[in-house]
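Everything on this sheet refers to the single structure shown next.
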Amino acid sequence: MLPGNFASCMSNCRRLLNRVLIVCAAFAAVGALSGCGREEKPAEVKTVADYFPIRIGARETRLQLAVQQTEQNRGLMDRRSLGSDEGMIFVYAQPKQMSFWMHNTLIPLDIGFFDAKGVLREVRQMFPHDERSIPSHSAEIQFAVEMNQNWFRDRGVKPGDKLDLAALKVALEARGFSARKFGIE
């Protein structure tokens, strides 16, 4: 009976060895796929809450990007204050006539309307809780920037000044959006 037990034992050992080899191969494959044990963190995608440095004319600003419809609908509602050079840029895929209102917006704002080339076309004032629509005069507007009221005037930023589209491209990509979708190369 010893030879039979020996054969049975060898058979069990082969099965166990095969299982061990399979587990070892699986661990080796996982190690190879994970870059030999180095853990690389994916780039963290920014959100609407993050600020980005974007120049308007000769002035540096820190702008939040409202790109998705829900972000654009919310805008600067319920904010009690805004830093002196902080604001929000509303980014659209195609130029159009734009219209904004101040529903649930607590602070007075200026809004600058920019064309697809980033040229400031007009600045309008907006007042807290004013639910009247403030439309752009032009139908060729692709970006709108909301800043504290009188920001444009006080800093000498006027129609004809340009939005830094290269910085906007970097900001859009940091948010996980393709700048090309917005006509920015």
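Labels used: A, B, ... for chains in the order of the structure tokens, numbers from 1 for residues in each chain, and numbers from 1 for ligands as shown.
Scanning range 53-122 of chain A with DSSP on the backbone, the alpha helix (DSSP H) assignments fall on Gln69, Thr70, Glu71, Gln72, Asn73 and Arg74 of chain A.
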Give me the residues of range 32-145 of chain A that have any atom at most 8 Å from an atom of range 166-175 of chain A; for each, the nearest atom pair and the distance in Å, rounded to one decimal. Use only C-alpha atoms, sort by chain and number, and format it as a tab-separated table.
```
residue	atom	partner	partner_atom	distance
A:Val45	CA	A:Arg175	CA	5.4
A:Lys46	CA	A:Arg175	CA	4.6
A:Thr47	CA	A:Arg175	CA	6.0
A:Val48	CA	A:Arg175	CA	7.9
A:Phe52	CA	A:Ala171	CA	6.2
A:Pro53	CA	A:Ala167	CA	7.1
A:Ile54	CA	A:Ala167	CA	5.5
A:Arg55	CA	A:Ala167	CA	7.7
A:Leu65	CA	A:Leu172	CA	7.7
```
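Residues with any atom within 9 Å of range 118-124 of chain A, counting only C-alpha atoms and excluding same-chain neighbours fewer than 3 positions away, are Ile56, Gly57, Leu109, Asp110, Ile111, Gly112, Phe113, Phe114, Asp115, Ile134, Pro135, Ser136, His137, Ser138, Ile141, Gln142, Phe143, Phe152, Val157, Lys158, Pro159, Gly160, Asp161, Lys162, Leu163, Asp164 and Leu165 of chain A.
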Looking at only C-alpha atoms, which of A:Ala116, A:Ala93, A:Met98, A:Met147 is the one that sits closest to Leu76 in chain A?
A:Met147
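Distance annotation: of A:Tyr51, A:Phe127, A:Phe177, A:Phe90, the residue with the minimal separation from Ile107 in chain A is A:Phe127; atom set is only C-alpha atoms.
If you measure from each of A:Met126, A:Ala49, A:Met102, A:Val67 to Gly176 in chain A using only C-alpha atoms, the closest one turns out to be A:Val67.
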